[in-house]
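Engineer: Contents are compact mmCIF, C-alpha atoms; file name my_file-v9.txt:
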```txt
# COMPACT_ATOMS: atom_id res chain seq x y z
CA MET A 1 -43.44 -0.81 -66.10
CA VAL A 2 -40.90 1.88 -65.20
CA ALA A 3 -37.16 2.35 -65.55
CA GLU A 4 -34.58 5.10 -65.18
CA CYS A 5 -33.02 7.15 -67.93
CA PRO A 6 -29.36 6.04 -68.20
CA ARG A 7 -28.19 9.64 -68.58
CA CYS A 8 -30.20 11.91 -66.26
CA GLY A 9 -31.77 9.34 -63.93
CA GLU A 10 -35.36 10.49 -64.49
CA THR A 11 -38.15 7.92 -64.37
CA LEU A 12 -39.23 6.48 -67.72
CA TRP A 13 -42.84 5.36 -68.15
CA ARG A 14 -44.25 3.01 -70.71
CA MET A 15 -46.52 4.81 -73.16
CA ARG A 16 -50.21 4.43 -72.36
CA GLN A 17 -52.83 3.34 -74.87
CA VAL A 18 -54.72 6.10 -76.65
CA ASN A 19 -58.06 6.68 -74.95
CA ILE A 20 -59.54 9.91 -76.23
CA SER A 21 -63.11 9.61 -74.93
CA PHE A 22 -62.27 10.80 -71.42
CA PRO A 23 -59.99 13.69 -72.52
CA ILE A 24 -62.68 14.82 -75.01
CA ALA A 25 -65.31 14.79 -72.25
CA CYS A 26 -63.05 16.75 -69.90
CA ALA A 27 -62.04 19.26 -72.58
CA SER A 28 -65.69 19.76 -73.60
CA ALA A 29 -66.70 20.34 -69.97
CA ALA A 30 -63.80 22.75 -69.48
CA THR A 31 -64.84 24.69 -72.57
CA LEU A 32 -68.44 25.00 -71.35
CA PHE A 33 -67.23 26.17 -67.93
CA TYR A 34 -64.90 28.66 -69.60
CA LEU A 35 -67.59 30.13 -71.86
CA PHE A 36 -69.94 30.52 -68.91
CA ALA A 37 -67.19 32.18 -66.84
CA LEU A 38 -66.72 34.75 -69.62
CA THR A 39 -70.34 35.88 -69.56
CA ALA A 40 -71.26 35.60 -65.87
CA PRO A 41 -70.24 37.99 -63.06
CA PHE A 42 -67.13 36.96 -61.11
CA LEU A 43 -67.36 38.92 -57.85
CA GLU A 44 -69.65 41.53 -56.32
CA ILE A 45 -68.88 43.82 -53.40
CA GLU A 46 -70.76 46.37 -51.32
CA ALA A 47 -68.88 49.16 -49.54
CA TYR A 48 -69.87 52.60 -48.21
CA GLY A 49 -73.37 52.21 -49.60
CA ARG A 50 -72.08 51.48 -53.09
CA PHE A 51 -72.07 48.38 -55.26
CA SER A 52 -69.46 47.07 -57.67
CA LEU A 53 -69.46 44.03 -59.97
CA ALA A 54 -66.55 42.54 -61.87
CA ARG A 55 -66.18 40.03 -64.68
CA LEU A 56 -63.02 38.25 -65.75
CA ASP A 57 -62.14 40.97 -68.23
CA THR A 58 -62.88 43.89 -65.88
CA GLY A 59 -59.43 43.87 -64.26
CA PRO A 60 -57.45 44.12 -67.53
CA ALA A 61 -59.90 46.74 -68.82
CA GLN A 62 -59.45 48.91 -65.71
CA MET A 63 -55.66 48.54 -65.83
CA LEU A 64 -55.71 49.61 -69.48
CA ALA A 65 -57.89 52.61 -68.60
CA HIS A 66 -55.38 53.63 -65.89
CA GLY A 67 -52.47 53.55 -68.34
CA TRP A 68 -50.95 50.14 -67.45
CA GLY A 69 -51.49 48.57 -70.86
CA LEU A 70 -48.60 46.10 -70.71
CA VAL A 71 -49.75 44.59 -67.41
CA ALA A 72 -53.34 44.54 -68.69
CA ALA A 73 -52.26 42.71 -71.85
CA LEU A 74 -50.32 40.15 -69.80
CA VAL A 75 -53.24 39.42 -67.46
CA PHE A 76 -55.70 39.25 -70.36
CA SER A 77 -53.42 36.90 -72.32
CA VAL A 78 -52.74 34.36 -69.57
CA THR A 79 -56.24 34.30 -68.05
CA LEU A 80 -58.39 34.51 -71.18
CA LEU A 81 -56.51 34.03 -74.45
CA ALA A 82 -54.09 31.22 -73.52
CA PRO A 83 -56.72 28.99 -71.80
CA ALA A 84 -59.06 29.47 -74.77
CA ALA A 85 -56.32 28.62 -77.28
CA LYS A 86 -55.26 25.57 -75.28
CA LEU A 87 -58.80 24.18 -75.09
CA ALA A 88 -59.44 24.96 -78.77
CA ILE A 89 -56.30 23.07 -79.84
CA LEU A 90 -57.17 20.06 -77.67
CA LEU A 91 -60.75 19.83 -78.92
CA LEU A 92 -59.79 20.30 -82.57
CA VAL A 93 -57.12 17.60 -82.39
CA LEU A 94 -59.22 15.09 -80.46
CA ALA A 95 -62.66 15.66 -81.95
CA GLY A 96 -61.59 16.68 -85.46
CA ARG A 97 -59.12 13.91 -86.14
CA HIS A 98 -61.33 12.35 -88.82
CA ALA A 99 -62.55 15.64 -90.33
CA LEU A 100 -59.42 17.79 -90.51
CA PRO A 101 -56.20 17.08 -92.42
CA PRO A 102 -53.63 15.26 -90.25
CA ARG A 103 -50.93 17.75 -91.15
CA LEU A 104 -53.09 20.63 -89.88
CA LEU A 105 -53.75 18.73 -86.66
CA LYS A 106 -50.02 18.19 -86.18
CA LEU A 107 -49.28 21.86 -86.79
CA LEU A 108 -51.87 22.76 -84.14
CA PHE A 109 -50.86 20.17 -81.58
CA ARG A 110 -47.19 21.12 -81.61
CA TRP A 111 -48.24 24.38 -79.89
CA TYR A 112 -50.14 22.59 -77.12
CA ALA A 113 -47.18 21.93 -74.80
CA PRO A 114 -45.54 25.39 -75.14
CA LEU A 115 -48.90 27.09 -74.62
CA SER A 116 -49.96 25.09 -71.54
CA PRO A 117 -47.77 26.89 -68.93
CA TRP A 118 -49.20 30.24 -70.05
CA ALA A 119 -52.78 29.15 -69.34
CA MET A 120 -52.76 30.33 -65.73
CA ILE A 121 -56.29 29.81 -64.44
CA ASP A 122 -54.94 27.87 -61.43
CA VAL A 123 -52.53 30.68 -60.53
CA TYR A 124 -55.30 33.24 -61.07
CA LEU A 125 -57.47 31.47 -58.52
CA LEU A 126 -54.66 31.67 -55.96
CA GLY A 127 -54.38 35.37 -56.72
CA PHE A 128 -58.13 35.62 -56.12
CA LEU A 129 -57.67 33.99 -52.70
CA VAL A 130 -55.14 36.66 -51.70
CA ALA A 131 -57.37 39.43 -53.09
CA TYR A 132 -60.38 38.02 -51.25
CA THR A 133 -58.63 38.27 -47.88
CA ARG A 134 -57.90 41.94 -48.56
CA LEU A 135 -61.42 42.68 -49.80
CA THR A 136 -63.16 41.22 -46.76
CA GLY A 137 -61.51 43.85 -44.58
CA MET A 138 -62.87 46.68 -46.73
CA ALA A 139 -66.22 45.54 -48.11
CA VAL A 140 -68.92 42.88 -48.12
CA VAL A 141 -67.91 40.33 -50.78
CA HIS A 142 -70.31 38.12 -52.71
CA LEU A 143 -68.87 35.22 -54.71
CA ASP A 144 -70.62 34.84 -58.03
CA THR A 145 -71.16 32.06 -60.55
CA ALA A 146 -68.18 32.79 -62.80
CA LEU A 147 -65.82 31.95 -59.93
CA TYR A 148 -67.28 28.45 -59.58
CA ALA A 149 -67.26 28.02 -63.36
CA LEU A 150 -63.58 28.97 -63.41
CA ILE A 151 -62.83 26.37 -60.73
CA GLY A 152 -64.70 23.79 -62.80
CA CYS A 153 -62.72 24.80 -65.89
CA MET A 154 -59.44 24.40 -64.00
CA LEU A 155 -60.37 20.94 -62.66
CA ALA A 156 -61.68 19.68 -66.01
CA THR A 157 -58.57 20.95 -67.84
CA ALA A 158 -56.30 19.29 -65.28
CA ALA A 159 -58.20 16.01 -65.72
CA ALA A 160 -57.83 16.25 -69.51
CA ASP A 161 -54.08 16.92 -69.20
CA GLY A 162 -53.61 14.08 -66.71
CA SER A 163 -55.40 11.53 -68.87
CA LEU A 164 -53.71 12.53 -72.12
CA ASP A 165 -50.55 10.76 -73.29
CA THR A 166 -49.10 13.21 -75.79
CA GLU A 167 -46.71 10.74 -77.39
CA ALA A 168 -49.53 8.24 -77.91
CA LEU A 169 -51.61 11.00 -79.46
CA TRP A 170 -48.73 11.96 -81.76
CA ARG A 171 -48.51 8.34 -82.92
CA MET A 172 -52.26 8.28 -83.52
CA LEU A 173 -51.89 11.36 -85.74
CA ASP A 174 -49.03 9.61 -87.55
CA GLU A 175 -51.32 6.68 -88.29
CA LEU A 176 -53.97 9.03 -89.69
CA ASP A 177 -51.44 10.69 -91.99
CA THR A 178 -51.66 8.87 -95.30
CA HIS A 179 -48.64 10.73 -96.69
CA PRO A 180 -46.05 10.65 -93.92
CA LYS A 181 -42.54 11.82 -94.64
CA HIS A 182 -40.12 8.94 -94.19
CA HIS A 183 -36.79 9.23 -92.47
CA GLY A 184 -33.90 9.91 -94.80
CA PRO A 185 -30.14 9.97 -94.38
CA GLY A 186 -28.63 12.24 -91.78
CA GLU A 187 -27.72 12.47 -88.13
CA PRO A 188 -30.20 11.89 -85.29
CA ILE A 189 -31.82 15.17 -84.21
CA GLY A 190 -34.58 15.38 -81.61
CA CYS A 191 -37.48 17.70 -82.39
CA ASP A 192 -38.09 20.29 -79.67
CA ALA A 193 -41.76 20.57 -80.65
CA CYS A 194 -43.00 16.96 -80.74
CA GLY A 195 -40.07 14.95 -79.36
CA LEU A 196 -39.57 12.76 -82.44
CA LEU A 197 -36.03 11.53 -83.11
CA ASN A 198 -35.38 12.43 -86.75
CA TYR A 199 -32.57 11.31 -89.00
CA ALA A 200 -32.06 14.49 -90.96
CA GLU A 201 -29.83 17.48 -91.48
CA GLU A 202 -30.05 20.55 -89.31
CA GLY A 203 -32.50 23.08 -90.70
CA GLU A 204 -34.78 20.48 -92.28
CA ALA A 205 -38.40 20.08 -91.22
CA CYS A 206 -39.39 17.50 -88.61
CA HIS A 207 -40.85 14.40 -90.27
CA ARG A 208 -43.80 14.50 -87.87
CA CYS A 209 -44.80 18.10 -87.03
CA HIS A 210 -42.77 19.99 -89.66
CA ALA A 211 -41.01 22.22 -87.14
CA THR A 212 -37.48 23.30 -88.04
CA LEU A 213 -34.89 20.90 -86.60
CA ARG A 214 -31.99 22.26 -84.55
CA ARG A 215 -29.32 20.23 -82.80
CA ARG A 216 -29.26 22.91 -80.13
CA LYS A 217 -31.31 26.05 -79.52
CA GLU A 218 -29.76 28.96 -81.36
CA ASN A 219 -27.71 31.37 -79.22
CA SER A 220 -29.09 29.66 -76.14
CA ILE A 221 -26.44 30.88 -73.67
CA SER A 222 -26.40 34.50 -74.84
CA ARG A 223 -30.18 34.77 -74.98
CA SER A 224 -30.58 33.26 -71.51
CA TRP A 225 -27.89 35.56 -70.05
CA SER A 226 -29.48 38.68 -71.53
CA LEU A 227 -32.89 37.75 -70.16
CA VAL A 228 -31.53 36.82 -66.73
CA LEU A 229 -29.58 40.09 -66.45
CA ALA A 230 -32.58 42.15 -67.54
CA ALA A 231 -34.78 40.37 -64.97
CA ALA A 232 -32.15 40.88 -62.25
CA LEU A 233 -32.05 44.63 -62.94
CA LEU A 234 -35.85 44.90 -62.82
CA TYR A 235 -36.08 42.79 -59.66
CA ILE A 236 -34.72 45.74 -57.61
CA PRO A 237 -37.36 48.37 -58.59
CA ALA A 238 -40.03 45.66 -58.48
CA ASN A 239 -39.39 45.38 -54.73
CA LEU A 240 -38.61 49.03 -54.00
CA TYR A 241 -41.47 50.79 -55.80
CA PRO A 242 -45.10 50.49 -54.68
CA PHE A 243 -46.92 47.53 -56.13
CA MET A 244 -50.31 49.15 -55.76
CA ILE A 245 -51.82 52.39 -54.42
CA VAL A 246 -54.80 51.90 -52.08
CA THR A 247 -57.19 54.75 -51.30
CA GLN A 248 -59.62 54.30 -48.40
CA LEU A 249 -61.70 57.12 -46.92
CA ALA A 250 -59.58 59.74 -48.69
CA GLN A 251 -56.34 58.26 -47.25
CA THR A 252 -53.87 56.95 -49.79
CA GLN A 253 -51.16 54.39 -49.06
CA GLY A 254 -48.66 52.66 -51.30
CA TYR A 255 -47.89 48.96 -50.82
CA THR A 256 -44.68 47.29 -51.88
CA ILE A 257 -44.57 43.52 -52.20
CA MET A 258 -42.98 43.18 -48.76
CA SER A 259 -45.35 45.61 -47.02
CA GLY A 260 -48.28 43.64 -48.42
CA ILE A 261 -46.79 40.44 -47.00
CA VAL A 262 -46.29 42.12 -43.61
CA GLU A 263 -49.91 43.28 -43.58
CA LEU A 264 -51.15 39.75 -44.26
CA ALA A 265 -48.99 38.45 -41.39
CA GLN A 266 -50.19 41.18 -39.03
CA ASN A 267 -53.79 40.22 -39.77
CA GLY A 268 -53.01 36.64 -38.73
CA LEU A 269 -53.04 35.27 -42.30
CA TRP A 270 -49.68 33.54 -41.99
CA PRO A 271 -50.32 30.82 -44.61
CA LEU A 272 -51.19 33.43 -47.25
CA ALA A 273 -48.30 35.66 -46.14
CA LEU A 274 -45.88 32.76 -46.60
CA LEU A 275 -47.47 31.87 -49.94
CA VAL A 276 -47.03 35.41 -51.28
CA PHE A 277 -43.50 35.62 -49.82
CA PHE A 278 -42.38 32.47 -51.59
CA ALA A 279 -44.21 33.29 -54.84
CA SER A 280 -43.19 36.95 -55.11
CA ILE A 281 -39.84 37.18 -53.28
CA THR A 282 -38.22 33.75 -53.03
CA ILE A 283 -39.15 32.14 -56.33
CA PRO A 284 -38.01 34.99 -58.66
CA LEU A 285 -34.74 35.36 -56.72
CA LEU A 286 -34.20 31.59 -56.68
CA LYS A 287 -34.76 31.42 -60.44
CA LEU A 288 -32.23 34.17 -61.07
CA VAL A 289 -29.56 32.60 -58.85
CA LEU A 290 -30.06 29.07 -60.17
CA MET A 291 -30.14 30.17 -63.80
CA ALA A 292 -26.93 32.17 -63.32
CA TYR A 293 -25.28 29.14 -61.69
CA ILE A 294 -26.44 26.79 -64.45
CA LEU A 295 -25.25 29.16 -67.17
CA VAL A 296 -21.81 29.65 -65.57
CA MET A 297 -21.28 25.90 -65.06
CA THR A 298 -22.40 25.21 -68.63
CA GLN A 299 -20.02 27.79 -70.09
CA LEU A 300 -17.18 26.34 -68.03
CA LYS A 301 -18.14 22.88 -69.37
CA ARG A 302 -18.19 21.35 -65.89
CA THR A 303 -19.41 17.78 -65.54
CA THR A 304 -20.05 17.99 -61.80
CA HIS A 305 -23.62 17.80 -60.46
CA LEU A 306 -25.14 17.39 -63.91
CA LEU A 307 -28.13 15.48 -62.57
CA ALA A 308 -28.71 18.02 -59.80
CA ARG A 309 -28.46 20.90 -62.27
CA THR A 310 -30.94 19.23 -64.62
CA ARG A 311 -33.43 18.70 -61.80
CA ALA A 312 -32.92 22.28 -60.61
CA TYR A 313 -33.67 23.50 -64.12
CA ARG A 314 -36.86 21.46 -64.27
CA PHE A 315 -37.86 22.76 -60.85
CA ILE A 316 -37.51 26.44 -61.77
CA ASP A 317 -39.21 25.76 -65.09
CA PHE A 318 -42.22 24.39 -63.16
CA ILE A 319 -42.50 27.03 -60.44
CA GLY A 320 -41.89 30.15 -62.56
CA ARG A 321 -45.54 30.77 -63.46
CA TRP A 322 -46.64 30.80 -59.81
CA SER A 323 -44.99 34.18 -59.27
CA MET A 324 -47.97 35.74 -61.07
CA ILE A 325 -50.10 35.54 -57.89
CA ASP A 326 -49.53 39.18 -56.91
CA ILE A 327 -50.21 40.45 -60.43
CA PHE A 328 -53.57 38.68 -60.46
CA MET A 329 -54.36 39.93 -56.97
CA VAL A 330 -53.87 43.55 -58.07
CA SER A 331 -55.95 42.93 -61.20
CA ILE A 332 -58.90 41.70 -59.11
CA LEU A 333 -58.64 44.57 -56.61
CA VAL A 334 -58.47 47.15 -59.40
CA ALA A 335 -61.56 45.58 -60.99
CA LEU A 336 -63.68 45.73 -57.83
CA LEU A 337 -62.57 48.71 -55.76
CA ARG A 338 -63.75 51.61 -57.92
CA PHE A 339 -65.35 53.91 -55.36
CA GLY A 340 -63.20 57.01 -55.82
CA GLN A 341 -62.07 58.56 -52.52
CA PHE A 342 -64.12 56.04 -50.55
CA ALA A 343 -62.11 53.02 -51.71
CA SER A 344 -60.04 52.38 -54.82
CA VAL A 345 -56.94 50.50 -55.93
CA GLN A 346 -54.53 51.34 -58.73
CA ALA A 347 -51.55 49.40 -60.02
CA ASN A 348 -48.19 51.12 -59.76
CA LEU A 349 -44.67 50.92 -61.17
CA GLY A 350 -43.71 48.00 -58.94
CA ALA A 351 -46.40 45.85 -60.58
CA LEU A 352 -45.06 46.62 -64.06
CA CYS A 353 -41.47 45.82 -63.05
CA PHE A 354 -42.49 42.63 -61.27
CA ALA A 355 -44.59 41.44 -64.22
CA ALA A 356 -41.55 42.00 -66.43
CA VAL A 357 -39.37 39.99 -64.02
CA VAL A 358 -41.78 37.04 -64.13
CA VAL A 359 -42.05 37.05 -67.93
CA LEU A 360 -38.31 37.53 -68.50
CA THR A 361 -37.35 34.68 -66.15
CA ILE A 362 -39.82 32.35 -67.88
CA PHE A 363 -38.33 33.30 -71.25
CA ALA A 364 -34.80 32.84 -69.87
CA VAL A 365 -35.59 29.30 -68.74
CA ASN A 366 -37.23 28.46 -72.07
CA ALA A 367 -34.29 29.88 -74.03
CA PHE A 368 -31.78 27.64 -72.29
CA ASP A 369 -30.97 24.28 -73.88
CA THR A 370 -30.28 21.67 -71.18
CA ARG A 371 -28.45 19.49 -73.70
CA LEU A 372 -25.60 21.99 -73.56
CA MET A 373 -24.90 20.87 -69.98
CA TRP A 374 -24.62 17.24 -70.99
CA ASP A 375 -22.38 18.06 -73.97
CA ALA A 376 -19.56 18.44 -71.44
CA LEU A 377 -19.53 14.64 -71.02
CA GLU A 378 -18.31 14.32 -74.60
CA GLN A 379 -15.26 16.49 -73.77
CA PRO A 380 -14.16 15.29 -70.34
CA GLU A 381 -10.57 16.39 -70.72
CA GLN A 382 -11.57 19.97 -71.53
CA ALA A 383 -14.17 19.98 -68.78
CA LYS A 384 -11.68 18.99 -66.10
CA ALA A 385 -9.01 21.42 -67.23
```
Rewrite the coordinates I just gave you, this time as structure tokens.

Structural biologist:
Amino acid sequence: MVAECPRCGETLWRMRQVNISFPIACASAATLFYLFALTAPFLEIEAYGRFSLARLDTGPAQMLAHGWGLVAALVFSVTLLAPAAKLAILLLVLAGRHALPPRLLKLLFRWYAPLSPWAMIDVYLLGFLVAYTRLTGMAVVHLDTALYALIGCMLATAAADGSLDTEALWRMLDELDTHPKHHGPGEPIGCDACGLLNYAEEGEACHRCHATLRRRKENSISRSWSLVLAAALLYIPANLYPFMIVTQLAQTQGYTIMSGIVELAQNGLWPLALLVFFASITIPLLKLVLMAYILVMTQLKRTTHLLARTRAYRFIDFIGRWSMIDIFMVSILVALLRFGQFASVQANLGALCFAAVVVLTIFAVNAFDTRLMWDALEQPEQAKA
């Protein structure tokens, strides 16, 4: 049975029953796929009589060796650390519910939702697709077993996420907790971590997950503005400076984001060219413009288009991570093309600036509190003035 939220108009769904057998099976399969992908080779290429093999960690390692430690740390974190942490949390909460203390499980599970967008295996595979089209024009490419394991990990993780009702799981953990903290006097405050409506004072711990309760995110407007402005300043050099430097047969050429898109289009790869254009040019710019608009309208306490602004916020929150495609593409090319003057790829300043733009815009969206927009309804006279 479904209904609409009386405030924002979003669809409300009845909570499903807790069925943990299928999510456990999917999470276990995803973990096995992930562990295999770590140990097996990812891609192999042959070019100019030479052979090169890459694993998942080869790209970050090569970037670190070339002096791009920040980009290497970002790629390593979102392709290896975050997926591992996400799967570990899910398995511990589901499989260890009778062996581990409920409070520990709650402390772990409250990080599951914030961590999920940073586990970017699906985006990494799209970056591989773009890198593959470039590699086929320069070398003979052999797909190896880690690639298929990574696809299996992505599908199994998606199945686990789709079959898991987080609120039902929270309630199951509440039932396992033999010493729950009961609601006391105070005003209703929603927990940002687990979604529980608490009756407490600001600054107290959530009765369910023990996160600190805040009526609104602290300094939300100022933090979002600072991050948006920093991303806007870096967006210019990210598009002006070369994204990567390609050496082939002793000839070196720098590629900006746009020149890479043009090359894909000239080679007849229009779908990939459009994909990279939207992911690397349109989406970051759209996020900056929409976030600036949302922040201005919120500060002016306007009540117009509240529903549209809320949906726009959710849209840019969803699409932000997909801008990492080009970063992953460079990481894969750097890992494989290591043939000196015959063929090699190195990241450049544009990649560092663009990675910063992606991360800063994601942080800007997360720092904003959408409830501030709806607070204007409580002061209609001031909002219309």

Engineer: What's the separation between CA of Thr136 in chain A and CA of Ile325 in chain A, in Å to one decimal place?

Structural biologist: 18.1 Å

Engineer: Out of A:Ser163, A:Thr145, A:Thr298, A:Ser222, which residue has the shortest atom-to-atom distance to Ser21 in chain A when counting all atoms listed in the file?

Structural biologist: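 Residue with the minimum atom-to-atom distance to Ser21 in chain A: A:Ser163.
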
Engineer: Let me make sure I understand: among A:Leu38, A:Ile89, A:Arg208, A:Leu129, which one has the smallest atom-to-atom distance to Pro271 in chain A if we use all atoms listed in the file?

Structural biologist: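 Smallest distance to Pro271 in chain A is found for A:Leu129.
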
Engineer: Rank A:Ser116, A:Gly350, A:Arg134, A:Leu249 by their smallest atom-to-atom distance to Pro237 in chain A, using all atoms listed in the file, and report the top residue only.

Structural biologist: A:Gly350

Engineer: Nearest residue to Leu94 in chain A out of A:Ala156, A:Val330, A:Ala312, A:Leu164, using all atoms listed in the file?

Structural biologist: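 Of all the options, A:Leu164 lies closest to Leu94 in chain A.
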